[in-house]
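Asks: Got a structure for you, written out below as structure tokens; questions coming shortly.
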Amino acid sequence: MRIGELAERTGVSTRSLRYYEQHGLLRARRGSNGYRDYSEDDVRLVSEIRALLSIGFTLEDTRPFIDCLRRGHSSGGSCAESVEVYERKLSEIDEEIRVLLARRAEVAAQLAQSCPGCFVRG
């Protein structure tokens, strides 16, 4: 399939698809006319990339998941390298939560000090 059809089927712009290709996440074959040619497997790869990006992974984070799918696994998250990325991402999120909770406590303390009768929710 051509890039326009892949874009339509995945809901991703052709520009994004070219960007994924530049970063080695997609490997378009070239027809004799020079046009990019994609397969059904590429639909799955783009869907995996988009799903991971939508939950906060970086484009580089998606690489082990894509490699896992290319090796024939039914899930991009079933390989050891992907599990490592999941674990690292969870640690990063846990740290962000700790930072936000500390920041919230500081703001609540400042509010309580500035406005002793004010109610702090949560």
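FYI, nothing fancy with the structure tokens labels: chains A, B, ... in order, residues from 1 per chain, ligands from 1 as they appear.
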Neighbours of A:Ser74 within 12 Å (only C-alpha atoms; same-chain residues fewer than 5 positions away dropped), as a list in words?
Replies: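 Within the cut-off, the hits are Asp41, Arg44, Leu45, Glu48, Phe65, Ile66, Asp67, Cys68, Leu69 and Cys79 of chain A.
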Asks: Output the selection as a tab-separated table (two decimals), in the first residue's frame - N, CA and C atoms for each residue.
Replies:
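Saved file again.tsv follows:
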chain	number	residue	atom	x	y	z
A	41	ASP	N	1.81	-5.49	7.82
A	41	ASP	CA	2.59	-5.46	9.06
A	41	ASP	C	2.88	-4.03	9.51
A	44	ARG	N	0.22	-2.53	11.75
A	44	ARG	CA	0.39	-2.96	13.16
A	44	ARG	C	1.50	-2.17	13.84
A	45	LEU	N	2.61	-1.95	13.12
A	45	LEU	CA	3.73	-1.20	13.71
A	45	LEU	C	3.32	0.24	14.03
A	48	GLU	N	1.08	0.36	17.02
A	48	GLU	CA	1.87	0.18	18.25
A	48	GLU	C	2.57	1.48	18.64
A	65	PHE	N	9.64	-2.27	21.25
A	65	PHE	CA	8.33	-2.83	20.97
A	65	PHE	C	8.20	-3.16	19.48
A	66	ILE	N	8.68	-2.24	18.64
A	66	ILE	CA	8.65	-2.45	17.20
A	66	ILE	C	9.55	-3.61	16.81
A	67	ASP	N	10.74	-3.65	17.39
A	67	ASP	CA	11.66	-4.76	17.11
A	67	ASP	C	11.05	-6.09	17.53
A	68	CYS	N	10.34	-6.10	18.63
A	68	CYS	CA	9.69	-7.31	19.13
A	68	CYS	C	8.64	-7.79	18.13
A	69	LEU	N	7.83	-6.87	17.63
A	69	LEU	CA	6.82	-7.24	16.64
A	69	LEU	C	7.48	-7.76	15.36
A	79	CYS	N	8.65	-8.92	24.76
A	79	CYS	CA	10.10	-9.17	24.76
A	79	CYS	C	10.76	-8.51	25.98
Asks: Run DSSP on the backbone of this structure and report the residues of chain A it assigns to strand (DSSP E or B), as a list in words.
Replies: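 Here are the strand (DSSP E or B) residues of chain A: Arg29, Arg30, Arg36 and Asp37 of chain A.
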Asks: Write the residues of the selection above to a file with N, CA and C atoms, as an mmCIF file, in the first residue's frame.
Replies:
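What ended up in again.cif:
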data_model
loop_
_atom_site.group_PDB
_atom_site.id
_atom_site.type_symbol
_atom_site.label_atom_id
_atom_site.label_comp_id
_atom_site.auth_asym_id
_atom_site.auth_seq_id
_atom_site.Cartn_x
_atom_site.Cartn_y
_atom_site.Cartn_z
ATOM 1 N N ARG A 29 9.410 -0.180 1.561
ATOM 2 C CA ARG A 29 10.053 -0.662 0.357
ATOM 3 C C ARG A 29 9.748 0.351 -0.736
ATOM 4 N N ARG A 30 10.560 0.371 -1.749
ATOM 5 C CA ARG A 30 10.336 1.315 -2.853
ATOM 6 C C ARG A 30 9.935 0.549 -4.105
ATOM 7 N N ARG A 36 6.942 4.881 -2.001
ATOM 8 C CA ARG A 36 7.024 4.017 -0.834
ATOM 9 C C ARG A 36 5.920 2.963 -0.909
ATOM 10 N N ASP A 37 6.264 1.754 -0.478
ATOM 11 C CA ASP A 37 5.291 0.673 -0.460
ATOM 12 C C ASP A 37 5.313 0.037 0.927
#
Asks: Using only C-alpha atoms, which protein or nucleic acid residues come within 12 Å of stretch 55-57 of chain A? Drop anything in the same chain fewer than 2 positions from it, and give the result as a ChimeraX atom specification.
Replies: /A:48-53,59-65,82,85-90,92-93
Asks: Selection from above, N, CA and C atoms, as a compact mmCIF listing (two decimals), in the first residue's frame, can you write it?
Replies:
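Below is the file result12.txt, written as the result:
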# COMPACT_ATOMS: atom_id res chain seq x y z
N GLU A 48 1.08 0.36 17.02
CA GLU A 48 1.87 0.18 18.25
C GLU A 48 2.57 1.48 18.64
N ILE A 49 3.18 2.12 17.66
CA ILE A 49 3.87 3.40 17.92
C ILE A 49 2.88 4.41 18.49
N ARG A 50 1.74 4.57 17.82
CA ARG A 50 0.75 5.56 18.26
C ARG A 50 0.22 5.25 19.65
N ALA A 51 -0.05 3.98 19.94
CA ALA A 51 -0.57 3.61 21.25
C ALA A 51 0.44 3.95 22.35
N LEU A 52 1.70 3.68 22.10
CA LEU A 52 2.73 3.98 23.09
C LEU A 52 2.95 5.49 23.25
N LEU A 53 2.96 6.20 22.14
CA LEU A 53 3.10 7.66 22.23
C LEU A 53 1.95 8.28 23.01
N LEU A 59 9.37 8.49 21.19
CA LEU A 59 9.54 7.73 19.97
C LEU A 59 10.64 6.69 20.14
N GLU A 60 11.72 7.07 20.79
CA GLU A 60 12.81 6.11 21.00
C GLU A 60 12.38 4.97 21.92
N ASP A 61 11.50 5.25 22.88
CA ASP A 61 10.99 4.19 23.76
C ASP A 61 10.26 3.11 22.97
N THR A 62 9.69 3.48 21.83
CA THR A 62 8.89 2.51 21.07
C THR A 62 9.75 1.49 20.33
N ARG A 63 11.02 1.78 20.15
CA ARG A 63 11.89 0.92 19.34
C ARG A 63 11.89 -0.55 19.77
N PRO A 64 12.07 -0.87 21.07
CA PRO A 64 12.07 -2.29 21.44
C PRO A 64 10.74 -2.99 21.15
N PHE A 65 9.64 -2.27 21.25
CA PHE A 65 8.33 -2.83 20.97
C PHE A 65 8.20 -3.16 19.48
N SER A 82 11.36 -4.77 25.86
CA SER A 82 10.14 -3.99 26.02
C SER A 82 9.73 -3.92 27.49
N VAL A 85 11.63 -1.33 29.23
CA VAL A 85 11.12 0.01 28.97
C VAL A 85 9.87 0.27 29.80
N TYR A 86 8.96 -0.71 29.88
CA TYR A 86 7.78 -0.57 30.74
C TYR A 86 8.20 -0.28 32.18
N GLU A 87 9.14 -1.05 32.69
CA GLU A 87 9.58 -0.88 34.08
C GLU A 87 10.22 0.49 34.31
N ARG A 88 11.05 0.92 33.35
CA ARG A 88 11.67 2.24 33.47
C ARG A 88 10.62 3.33 33.44
N LYS A 89 9.64 3.19 32.55
CA LYS A 89 8.59 4.20 32.43
C LYS A 89 7.77 4.27 33.72
N LEU A 90 7.45 3.12 34.30
CA LEU A 90 6.72 3.11 35.56
C LEU A 90 7.52 3.80 36.67
N GLU A 92 9.72 6.18 36.22
CA GLU A 92 9.66 7.61 35.92
C GLU A 92 8.34 8.21 36.37
N ILE A 93 7.25 7.50 36.10
CA ILE A 93 5.92 7.99 36.50
C ILE A 93 5.82 8.05 38.02
Asks: Determine the nearest neighbour of A:Ala28 from the options A:Ala105, A:Met1, A:Val120, A:Leu100, counting only C-alpha atoms.
Replies: A:Met1
Asks: Using atom CA of A:Tyr38 and atom CA of A:Leu26 as the two end points, give the distance in Å to one decimal.
Replies: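 Between atom CA of A:Tyr38 and atom CA of A:Leu26 the gap is 8.9 Å.
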Asks: Would you compute the distance between atom CA of A:Tyr19 and atom CA of A:Ala80? Give it in Å to one decimal.
Replies: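 Separating atom CA of A:Tyr19 from atom CA of A:Ala80 is a distance of 26.1 Å.
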Asks: If you take only C-alpha atoms and a cut-off of 8 Å, which residues of stretch 30-67 of chain A touch stretch 7-16 of chain A, and what are their nearest atom pairs and distances in Å to one decimal, in chain and number order, as a tab-separated table?
Replies:
residue	atom	partner	partner_atom	distance
A:Val43	CA	A:Thr10	CA	6.5
A:Val46	CA	A:Thr10	CA	6.9
A:Ser47	CA	A:Thr10	CA	6.5
